[in-house]
$ cat work_34.txt   # compact mmCIF, C-alpha atoms and all ligand atoms
# COMPACT_ATOMS: atom_id res chain seq x y z
CA MET A 1 8.53 0.39 -4.82
CA PRO A 2 11.48 -1.43 -3.22
CA ILE A 3 14.32 0.80 -2.02
CA GLN A 4 17.78 0.40 -3.56
CA TRP A 5 20.75 2.72 -3.28
CA PHE A 6 24.15 1.51 -4.39
CA PRO A 7 26.02 4.42 -6.02
CA GLY A 8 29.50 3.97 -7.50
CA HIS A 9 31.42 4.93 -4.37
CA MET A 10 29.73 2.06 -2.49
CA ALA A 11 30.85 -0.49 -5.07
CA LEU A 12 34.38 0.92 -4.68
CA THR A 13 34.08 0.73 -0.89
CA ARG A 14 33.11 -2.92 -1.09
CA THR A 15 36.28 -3.63 -3.05
CA ALA A 16 38.36 -1.44 -0.70
CA ILE A 17 37.05 -3.29 2.38
CA GLN A 18 37.77 -6.64 0.73
CA GLU A 19 41.34 -5.59 -0.06
CA ARG A 20 41.91 -4.09 3.36
CA LEU A 21 40.75 -7.31 5.01
CA GLN A 22 43.21 -9.30 2.90
CA ASP A 23 46.01 -6.85 3.82
CA GLY A 24 45.49 -7.56 7.49
CA ILE A 25 42.93 -6.15 9.88
CA ASP A 26 42.76 -7.39 13.46
CA VAL A 27 39.25 -6.37 14.44
CA VAL A 28 36.25 -5.36 12.31
CA ILE A 29 33.80 -3.01 13.97
CA GLU A 30 30.42 -3.15 12.26
CA MET A 31 28.16 -0.31 13.25
CA LEU A 32 24.44 -0.96 13.30
CA ASP A 33 21.63 1.46 13.97
CA ALA A 34 20.07 0.44 17.31
CA ARG A 35 16.65 1.49 15.97
CA LEU A 36 16.94 -1.09 13.16
CA PRO A 37 19.58 -3.64 14.16
CA GLY A 38 18.45 -6.30 11.70
CA SER A 39 17.85 -4.04 8.72
CA SER A 40 21.14 -2.20 9.16
CA ALA A 41 23.30 -5.36 9.25
CA ASN A 42 24.95 -5.85 5.87
CA PRO A 43 24.16 -9.42 4.75
CA LEU A 44 27.32 -9.51 2.59
CA LEU A 45 29.69 -8.53 5.37
CA ALA A 46 29.63 -11.87 7.14
CA GLN A 47 31.28 -13.47 4.08
CA LEU A 48 33.86 -10.70 3.80
CA THR A 49 34.85 -10.79 7.45
CA ARG A 50 34.84 -14.53 7.97
CA GLY A 51 37.47 -15.57 10.48
CA LYS A 52 38.12 -12.03 11.77
CA ALA A 53 37.43 -10.84 15.29
CA ALA A 54 34.24 -8.78 14.99
CA VAL A 55 32.37 -6.38 17.22
CA LYS A 56 28.88 -5.20 16.44
CA VAL A 57 28.11 -1.75 17.80
CA LEU A 58 24.42 -0.91 18.13
CA ASN A 59 24.80 2.82 17.80
CA LYS A 60 22.42 5.71 18.55
CA GLN A 61 21.10 3.78 21.52
CA ASP A 62 19.98 7.12 22.95
CA LEU A 63 17.26 7.12 20.25
CA ALA A 64 16.30 3.42 20.57
CA ASP A 65 13.85 1.54 22.80
CA PRO A 66 16.02 0.22 25.70
CA LEU A 67 14.06 -3.04 26.08
CA ARG A 68 14.43 -3.88 22.40
CA THR A 69 18.12 -2.96 22.51
CA GLU A 70 18.57 -5.55 25.27
CA ALA A 71 16.78 -8.16 23.13
CA TRP A 72 19.01 -7.42 20.12
CA LEU A 73 22.20 -7.54 22.19
CA ALA A 74 21.18 -10.95 23.53
CA HIS A 75 20.37 -12.07 19.98
CA TYR A 76 23.75 -11.06 18.54
CA ASN A 77 25.79 -12.15 21.56
CA ALA A 78 24.30 -15.63 21.22
CA GLN A 79 25.82 -15.94 17.71
CA PRO A 80 29.20 -17.62 17.38
CA SER A 81 32.29 -15.36 17.52
CA THR A 82 30.20 -12.20 17.73
CA ARG A 83 30.34 -9.55 20.43
CA ALA A 84 27.72 -6.84 20.50
CA ILE A 85 27.55 -3.67 22.53
CA ALA A 86 25.19 -0.69 22.51
CA MET A 87 26.55 2.84 22.34
CA ASP A 88 25.85 6.50 21.97
CA THR A 89 28.87 7.76 20.07
CA LYS A 90 28.45 11.29 21.27
CA GLN A 91 29.84 10.04 24.59
CA ILE A 92 33.57 9.58 24.86
CA THR A 93 33.91 7.09 27.74
CA PRO A 94 32.11 4.16 26.00
CA ALA A 95 34.17 4.78 22.86
CA LYS A 96 37.35 4.44 24.87
CA ALA A 97 35.96 1.26 26.47
CA LEU A 98 35.33 -0.09 22.96
CA LEU A 99 38.95 0.58 22.05
CA ALA A 100 40.05 -1.33 25.16
CA ALA A 101 37.80 -4.26 24.14
CA CYS A 102 39.40 -4.28 20.66
CA ARG A 103 42.88 -4.30 22.20
CA ALA A 104 41.83 -7.32 24.27
CA LEU A 105 40.75 -9.14 21.08
CA ALA A 106 44.23 -8.80 19.55
CA PRO A 107 46.61 -8.82 22.52
CA HIS A 108 49.69 -9.48 20.38
CA ARG A 109 49.37 -6.20 18.42
CA THR A 110 50.81 -3.68 20.84
CA SER A 111 53.71 -1.87 19.23
CA MET A 112 54.50 0.66 16.55
CA VAL A 113 55.96 -2.16 14.48
CA LYS A 114 52.89 -4.31 15.05
CA PRO A 115 50.07 -1.86 15.62
CA LEU A 116 46.47 -2.88 16.26
CA ARG A 117 44.53 -2.44 12.98
CA LEU A 118 40.83 -1.68 13.24
CA LEU A 119 38.32 -1.33 10.42
CA ILE A 120 35.02 0.46 10.97
CA CYS A 121 32.22 -0.20 8.56
CA GLY A 122 28.45 0.12 8.41
CA ILE A 123 25.54 1.76 6.65
CA PRO A 124 25.65 5.45 5.69
CA ASN A 125 25.00 8.00 8.45
CA VAL A 126 25.13 5.47 11.29
CA GLY A 127 27.89 7.34 13.16
CA LYS A 128 31.17 5.71 12.05
CA SER A 129 33.12 8.95 11.83
CA THR A 130 31.55 10.26 15.05
CA LEU A 131 32.76 7.12 16.84
CA ILE A 132 36.29 7.69 15.59
CA ASN A 133 36.24 11.25 16.87
CA ALA A 134 35.02 9.98 20.25
CA MET A 135 37.78 7.35 20.30
CA VAL A 136 40.39 10.09 19.97
CA GLY A 137 38.85 11.96 22.88
CA GLY A 138 36.54 14.31 20.99
CA ARG A 139 39.00 15.76 18.46
CA ARG A 140 37.57 16.13 14.93
CA VAL A 141 39.86 13.82 13.00
CA ALA A 142 37.05 12.53 10.76
CA LYS A 143 34.42 14.61 9.01
CA THR A 144 30.84 13.98 10.18
CA GLY A 145 27.42 15.29 9.17
CA ASP A 146 23.75 14.55 9.35
CA GLU A 147 23.29 13.12 5.88
CA PRO A 148 24.36 9.87 4.21
CA GLY A 149 27.53 9.85 2.14
CA ILE A 150 29.71 12.28 4.15
CA THR A 151 32.77 9.99 4.06
CA LYS A 152 33.49 9.28 0.40
CA VAL A 153 36.80 7.43 0.50
CA GLU A 154 38.52 5.23 3.04
CA GLN A 155 40.53 7.24 5.56
CA LYS A 156 43.42 5.98 7.65
CA ILE A 157 43.67 7.47 11.12
CA VAL A 158 46.56 7.01 13.52
CA LEU A 159 44.66 6.69 16.76
CA ALA A 160 47.68 6.18 18.98
CA LYS A 161 51.23 5.15 18.18
CA ASP A 162 50.16 1.51 18.38
CA VAL A 163 46.64 1.74 16.90
CA LEU A 164 45.61 2.31 13.29
CA LEU A 165 42.01 2.80 12.35
CA TYR A 166 40.31 2.78 8.97
CA ASP A 167 37.12 4.82 8.53
CA THR A 168 35.13 3.67 5.51
CA PRO A 169 32.31 5.30 3.55
CA GLY A 170 28.82 4.10 4.48
CA MET A 171 27.77 1.11 2.43
CA LEU A 172 24.47 -0.56 1.59
CA TRP A 173 24.14 -3.66 -0.58
CA PRO A 174 23.14 -3.98 -4.24
CA ARG A 175 19.81 -5.66 -3.62
CA ILE A 176 17.82 -5.17 -0.41
CA SER A 177 15.56 -8.19 -0.61
CA VAL A 178 13.71 -7.59 2.68
CA GLU A 179 11.26 -4.84 1.74
CA GLN A 180 10.78 -3.65 5.34
CA ALA A 181 14.55 -3.31 5.68
CA GLY A 182 14.56 -0.89 2.73
CA TYR A 183 11.90 1.26 4.38
CA HIS A 184 13.60 1.19 7.78
CA LEU A 185 16.96 2.14 6.27
CA ALA A 186 15.30 5.00 4.40
CA ALA A 187 13.45 6.17 7.54
CA SER A 188 16.71 6.17 9.53
CA GLY A 189 18.44 8.52 7.08
CA ALA A 190 20.80 5.96 5.52
CA VAL A 191 19.50 6.40 1.96
CA GLY A 192 20.17 9.38 -0.32
CA ARG A 193 17.18 11.70 -0.78
CA ASN A 194 17.02 11.16 -4.52
CA ALA A 195 16.69 7.40 -4.09
CA LEU A 196 13.48 7.42 -2.09
CA ASP A 197 9.88 8.53 -2.11
CA GLU A 198 9.52 10.29 1.25
CA GLU A 199 5.74 9.97 1.28
CA GLU A 200 5.90 6.22 0.85
CA VAL A 201 8.62 5.86 3.49
CA ALA A 202 6.67 8.02 5.96
CA VAL A 203 3.49 5.97 5.43
CA GLU A 204 5.41 2.74 6.12
CA LEU A 205 7.02 4.30 9.19
CA LEU A 206 3.63 5.42 10.49
CA ALA A 207 2.25 1.90 9.99
CA ARG A 208 5.04 0.47 12.14
CA LEU A 209 4.83 3.13 14.82
CA ARG A 210 1.05 2.88 15.01
CA ALA A 211 1.37 -0.87 15.57
CA ASP A 212 4.16 -0.76 18.15
CA TYR A 213 4.20 2.73 19.70
CA PRO A 214 0.66 4.13 19.41
CA GLN A 215 0.92 6.27 22.56
CA ALA A 216 4.12 7.98 21.43
CA LEU A 217 2.44 8.99 18.18
CA SER A 218 -0.83 10.19 19.62
CA GLN A 219 1.04 12.14 22.27
CA ARG A 220 3.09 13.90 19.65
CA TYR A 221 0.44 14.59 17.03
CA ALA A 222 -2.85 14.49 19.01
CA VAL A 223 -4.94 13.59 15.95
CA GLU A 224 -8.67 12.94 16.51
CA GLY A 225 -10.09 9.62 15.26
CA TRP A 226 -6.58 8.23 14.77
CA ALA A 227 -7.47 4.59 15.50
CA THR A 228 -9.83 4.16 12.54
CA MET A 229 -7.72 5.91 9.88
CA SER A 230 -5.62 4.26 7.22
CA ASP A 231 -1.87 5.05 7.35
CA GLU A 232 -2.25 7.43 4.37
CA GLU A 233 -5.10 9.23 6.13
CA ALA A 234 -3.00 9.45 9.27
CA LEU A 235 -0.18 11.15 7.31
CA ALA A 236 -2.69 13.62 5.83
CA ALA A 237 -4.11 14.33 9.30
CA ILE A 238 -0.62 15.09 10.64
CA GLY A 239 -0.02 17.44 7.68
CA ARG A 240 -3.30 19.27 8.35
CA LYS A 241 -2.47 19.59 12.03
CA ARG A 242 0.94 21.07 11.19
CA GLY A 243 -0.46 23.50 8.62
CA ALA A 244 1.24 21.77 5.66
CA MET A 245 -1.38 22.87 3.13
CA LEU A 246 -1.42 23.52 -0.60
CA PRO A 247 -3.54 26.17 -2.30
CA GLY A 248 -7.11 24.91 -2.63
CA GLY A 249 -7.13 23.30 0.82
CA ARG A 250 -5.30 20.09 -0.10
CA VAL A 251 -2.71 18.67 2.31
CA ASN A 252 0.94 18.94 1.28
CA LEU A 253 1.79 15.27 1.82
CA GLN A 254 5.45 15.76 0.93
CA LYS A 255 5.78 18.32 3.74
CA ALA A 256 3.86 16.06 6.13
CA ALA A 257 6.20 13.19 5.29
CA GLU A 258 9.26 15.37 5.96
CA VAL A 259 7.84 16.32 9.39
CA VAL A 260 7.36 12.67 10.38
CA LEU A 261 10.77 11.57 9.09
CA VAL A 262 12.71 14.45 10.65
CA GLU A 263 10.99 13.97 14.01
CA PHE A 264 11.66 10.24 13.97
CA ARG A 265 15.33 10.79 13.06
CA GLN A 266 15.82 13.36 15.80
CA GLY A 267 14.13 11.21 18.45
CA VAL A 268 11.30 13.70 18.99
CA LEU A 269 8.81 10.81 18.87
CA GLY A 270 10.55 9.17 21.81
CA ARG A 271 12.86 6.19 21.97
CA VAL A 272 11.62 3.70 19.42
CA THR A 273 13.03 0.63 17.65
CA LEU A 274 11.38 -0.48 14.43
CA GLU A 275 11.96 -4.24 14.71
CA THR A 276 12.50 -7.11 17.12
CA PRO A 277 14.78 -10.09 16.36
CA GLU A 278 11.70 -12.30 15.91
CA GLN A 279 9.97 -9.89 13.50
CA PHE A 280 13.13 -9.48 11.48
CA ALA A 281 13.70 -13.24 11.22
CA GLN A 282 10.16 -13.59 9.90
CA TRP A 283 10.71 -10.92 7.22
CA VAL A 284 13.94 -12.57 6.12
CA ALA A 285 12.15 -15.91 5.80
CA GLN A 286 9.32 -14.31 3.80
CA ALA A 287 11.78 -12.57 1.48
CA ALA A 288 13.66 -15.85 0.94
CA GLN A 289 10.40 -17.58 0.07
CA ALA A 290 9.40 -14.81 -2.36
CA ASP A 291 12.84 -15.08 -3.99
CA ALA A 292 12.51 -18.85 -4.31
CA GLU A 293 9.04 -18.49 -5.88
CA ARG A 294 10.36 -15.91 -8.35
CA GLU A 295 13.21 -18.22 -9.30
CA ALA A 296 10.78 -21.10 -9.80
CA ARG A 297 8.58 -18.95 -12.07
CA LYS A 298 11.64 -17.93 -14.05
CA ALA A 299 12.62 -21.57 -14.52
CA GLU A 300 9.07 -22.36 -15.70
CA ARG A 301 9.25 -19.54 -18.23
CA LEU A 302 12.58 -20.68 -19.57
CA LYS A 303 11.13 -24.15 -20.01
CA ALA A 304 8.07 -22.74 -21.79
CA ARG A 305 10.26 -20.62 -24.05
CA ALA A 306 12.46 -23.58 -24.91
CA LYS A 307 9.35 -25.48 -25.96
CA GLY A 308 8.18 -22.42 -27.93
CA PRO A 309 4.79 -20.87 -27.05
CA ALA A 310 2.18 -22.26 -29.38
CA THR A 311 -0.47 -19.55 -29.47
CA ARG A 312 -0.47 -15.75 -29.38
CA GLN A 313 -2.18 -15.84 -25.94
CA GLU A 314 0.59 -18.02 -24.57
CA ARG A 315 3.22 -15.63 -25.93
CA GLU A 316 1.44 -12.65 -24.36
CA ALA A 317 1.03 -14.42 -21.01
CA LEU A 318 4.74 -15.21 -21.03
CA ARG A 319 5.67 -11.59 -21.74
CA ALA A 320 3.32 -10.31 -18.99
CA ALA A 321 4.82 -12.73 -16.45
CA GLU A 322 8.31 -11.56 -17.37
CA GLU A 323 7.32 -7.92 -16.89
CA ASP A 324 5.71 -8.70 -13.52
CA ASP A 325 8.87 -10.38 -12.29
CA ALA A 326 11.06 -7.56 -13.55
CA ASP A 327 8.97 -5.10 -11.50
CA ALA A 328 9.10 -7.21 -8.34
N1 LIG A 401 21.56 10.67 18.49
C1 LIG A 401 22.74 10.23 18.04
N2 LIG A 401 23.27 10.76 16.92
C2 LIG A 401 24.47 10.29 16.50
C3 LIG A 401 25.17 9.27 17.18
N3 LIG A 401 26.31 9.00 16.50
C4 LIG A 401 26.31 9.82 15.43
N4 LIG A 401 25.22 10.61 15.43
C5 LIG A 401 24.85 11.61 14.40
O1 LIG A 401 24.65 10.90 13.18
C6 LIG A 401 25.05 11.69 12.05
C7 LIG A 401 25.98 10.91 11.16
O2 LIG A 401 27.24 10.74 11.78
P1 LIG A 401 28.57 10.38 10.98
O3 LIG A 401 29.59 10.04 12.01
O4 LIG A 401 28.90 11.41 9.96
O5 LIG A 401 28.10 9.06 10.24
P2 LIG A 401 28.93 8.11 9.25
O6 LIG A 401 28.52 6.73 9.58
O7 LIG A 401 30.36 8.43 9.30
O8 LIG A 401 28.26 8.53 7.86
P3 LIG A 401 28.85 8.41 6.34
O9 LIG A 401 30.27 8.91 6.35
O10 LIG A 401 27.94 9.29 5.57
O11 LIG A 401 28.72 6.99 5.97
C8 LIG A 401 25.67 12.96 12.65
O12 LIG A 401 24.70 13.99 12.61
C9 LIG A 401 26.00 12.56 14.08
O13 LIG A 401 25.98 13.67 14.96
C10 LIG A 401 24.57 8.72 18.37
O14 LIG A 401 25.08 7.80 19.02
N5 LIG A 401 23.36 9.25 18.74
MG MG A 402 31.64 9.04 7.84

$ encode --input "work_34.txt" --output "structure tokens"
Amino acid sequence: MPIQWFPGHMALTRTAIQERLQDGIDVVIEMLDARLPGSSANPLLAQLTRGKAAVKVLNKQDLADPLRTEAWLAHYNAQPSTRAIAMDTKQITPAKALLAACRALAPHRTSMVKPLRLLICGIPNVGKSTLINAMVGGRRVAKTGDEPGITKVEQKIVLAKDVLLYDTPGMLWPRISVEQAGYHLAASGAVGRNALDEEEVAVELLARLRADYPQALSQRYAVEGWATMSDEEALAAIGRKRGAMLPGGRVNLQKAAEVVLVEFRQGVLGRVTLETPEQFAQWVAQAAQADAEREARKAERLKARAKGPATRQEREALRAAEEDDADA
């Protein structure tokens, strides 16, 4: 099941960001999650922010694999007119350094009459409001919390007499075409609980961690026979180990999934990053190909319908193909 979460307030945020950018913003700060820097980058934002000075912040670097963070910084910094930095927004000094970097990008905006205008955007729960609080030296000017959707409407904050900052609600995009990106976003805590199947997300997360960080997992869960299990069996084994049982001796897989997700989100499994720039590029290419194939099938169907299906079998085959594509 692909993951989608685009509630009404996100559609409103998209419009608000668009309008704000037209009104005049000097620097756009896009916050990414350093554990999923490809999956957390909004593919629609590039169009919205075209021509603006932009800084990508790879946040929560304290939870991410330092070697992979370096690779992602190099990847983004090699793109035209993009600057990327890694941060841990619980620390105040780097946040102040970021503010200085933004000032340098718009050197003409230095007065109360012409203040520097910054817009912070990014996926839900990535740390936008926490960054703002760090930028003002640790005061709580913006509300934060460990769940997606804390900030519900755009908030204007006067950072200093010559700096205005706009905090925006976390935003995803209407169709997440890279399936892995959906799972990574869900694992990171960017997707509302009601919009995901935690068991499925935990199984996908285990698959990735078993491929890239097997030692971290076996150290944490010490499951016997780990290497030969399927990902579903591995989740059940973790549940059994943690005493997540149902009456009758069955494993409570929902509980097991919550354990894995919470421990990943809190960094208990160690510093891990779910994707490299190369892996992500490959997934994007695969998703684009799947989209192109679906479009081609749709065109074929339209042609067949225009001709009019001759037999009952043809009509049924056409309907089945339509249903398959609708599910995809
Ligand atoms: N480990 C770690 N946690 C962080 C960091 N930055 C923020 N957090 C935590 O992430 C959670 C979300 O932070 P917020 O600042 O509310 O996130 P937001 O992007 O404003 O979220 P929405 O308003 O829901 O879109 C909070 O529990 C923060 O304490 C970081 O750099 N490292
Ligand atoms: Mg917020």

$ residues_near_ligand --input "work_34.txt" --ligand "ligand LIG 401 (chain A)" --cutoff "10 Å" --atoms "all atoms listed in the file" --output "JSON, numbers by chain"
{"A": [10, 31, 32, 33, 34, 58, 59, 60, 61, 62, 63, 64, 86, 87, 88, 89, 90, 91, 120, 121, 122, 123, 124, 125, 126, 127, 128, 129, 130, 131, 132, 133, 134, 142, 143, 144, 145, 146, 147, 148, 149, 150, 151, 152, 153, 154, 167, 168, 169, 170, 171, 172, 188, 189, 190, 191, 192, 265, 266, 267]}

$ residues_around --input "work_34.txt" --residues "range 96-104 of chain A" --least-positions-apart "2" --cutoff "12 Å" --atoms "only C-alpha atoms" --output "VMD selection string"
chain A and resid 25 to 29 52 to 58 83 to 94 106 to 111 115 to 120 131 to 138 159 to 160 162 to 165

$ atom_distance --input "work_34.txt" --atom1 "CA of Trp72 in chain A" --atom2 "CA of Leu48 in chain A"
22.3 Å

$ atom_distance --input "work_34.txt" --atom1 "CA of Gly239 in chain A" --atom2 "CA of Ala222 in chain A"
12.0 Å

$ atom_distance --input "work_34.txt" --atom1 "CA of Thr13 in chain A" --atom2 "CA of Pro174 in chain A"
12.4 Å

$ closest_residue --input "work_34.txt" --among "A:Arg140, A:Lys241, A:Lys161, A:Arg250" --to "ligand MG 402 (chain A)" --atoms "all atoms listed in the file"
A:Arg140

$ closest_residue --input "work_34.txt" --among "A:Gln279, A:Gln155, A:Asn77, A:Gln219" --to "ligand MG 402 (chain A)" --atoms "only C-alpha atoms and all ligand atoms"
A:Gln155

$ closest_residue --input "work_34.txt" --among "A:Lys114, A:Tyr166, A:Thr69, A:Gln47" --to "ligand MG 402 (chain A)" --atoms "only C-alpha atoms and all ligand atoms"
A:Tyr166

$ decode --input "work_34.txt" --residues "range 114-142 of chain A" --atoms "C-alpha atoms" --output "PDB file, in the first residue's frame"
ATOM      1  CA  LYS A 114      13.928  46.579   4.568  1.00  0.00           C
ATOM      2  CA  PRO A 115      14.156  43.595   6.876  1.00  0.00           C
ATOM      3  CA  LEU A 116      15.557  40.224   5.851  1.00  0.00           C
ATOM      4  CA  ARG A 117      12.603  37.893   5.148  1.00  0.00           C
ATOM      5  CA  LEU A 118      13.144  34.180   5.698  1.00  0.00           C
ATOM      6  CA  LEU A 119      10.726  31.348   5.005  1.00  0.00           C
ATOM      7  CA  ILE A 120      11.190  27.955   6.654  1.00  0.00           C
ATOM      8  CA  CYS A 121       9.496  24.982   5.100  1.00  0.00           C
ATOM      9  CA  GLY A 122       9.796  21.212   5.110  1.00  0.00           C
ATOM     10  CA  ILE A 123       8.062  17.956   5.928  1.00  0.00           C
ATOM     11  CA  PRO A 124       6.064  17.562   9.159  1.00  0.00           C
ATOM     12  CA  ASN A 125       8.024  16.959  12.372  1.00  0.00           C
ATOM     13  CA  VAL A 126      11.436  17.691  10.831  1.00  0.00           C
ATOM     14  CA  GLY A 127      12.268  20.426  13.364  1.00  0.00           C
ATOM     15  CA  LYS A 128      11.229  23.707  11.707  1.00  0.00           C
ATOM     16  CA  SER A 129       9.808  25.266  14.857  1.00  0.00           C
ATOM     17  CA  THR A 130      12.698  23.938  16.960  1.00  0.00           C
ATOM     18  CA  LEU A 131      15.134  25.676  14.598  1.00  0.00           C
ATOM     19  CA  ILE A 132      13.286  28.962  15.007  1.00  0.00           C
ATOM     20  CA  ASN A 133      13.470  28.673  18.776  1.00  0.00           C
ATOM     21  CA  ALA A 134      17.214  27.989  18.503  1.00  0.00           C
ATOM     22  CA  MET A 135      17.635  31.006  16.209  1.00  0.00           C
ATOM     23  CA  VAL A 136      16.155  33.246  18.894  1.00  0.00           C
ATOM     24  CA  GLY A 137      18.584  31.861  21.441  1.00  0.00           C
ATOM     25  CA  GLY A 138      16.437  29.114  22.954  1.00  0.00           C
ATOM     26  CA  ARG A 139      13.279  31.100  23.735  1.00  0.00           C
ATOM     27  CA  ARG A 140      10.034  29.248  22.923  1.00  0.00           C
ATOM     28  CA  VAL A 141       8.549  31.532  20.301  1.00  0.00           C
ATOM     29  CA  ALA A 142       7.204  28.640  18.206  1.00  0.00           C
TER      30      ALA A 142
END
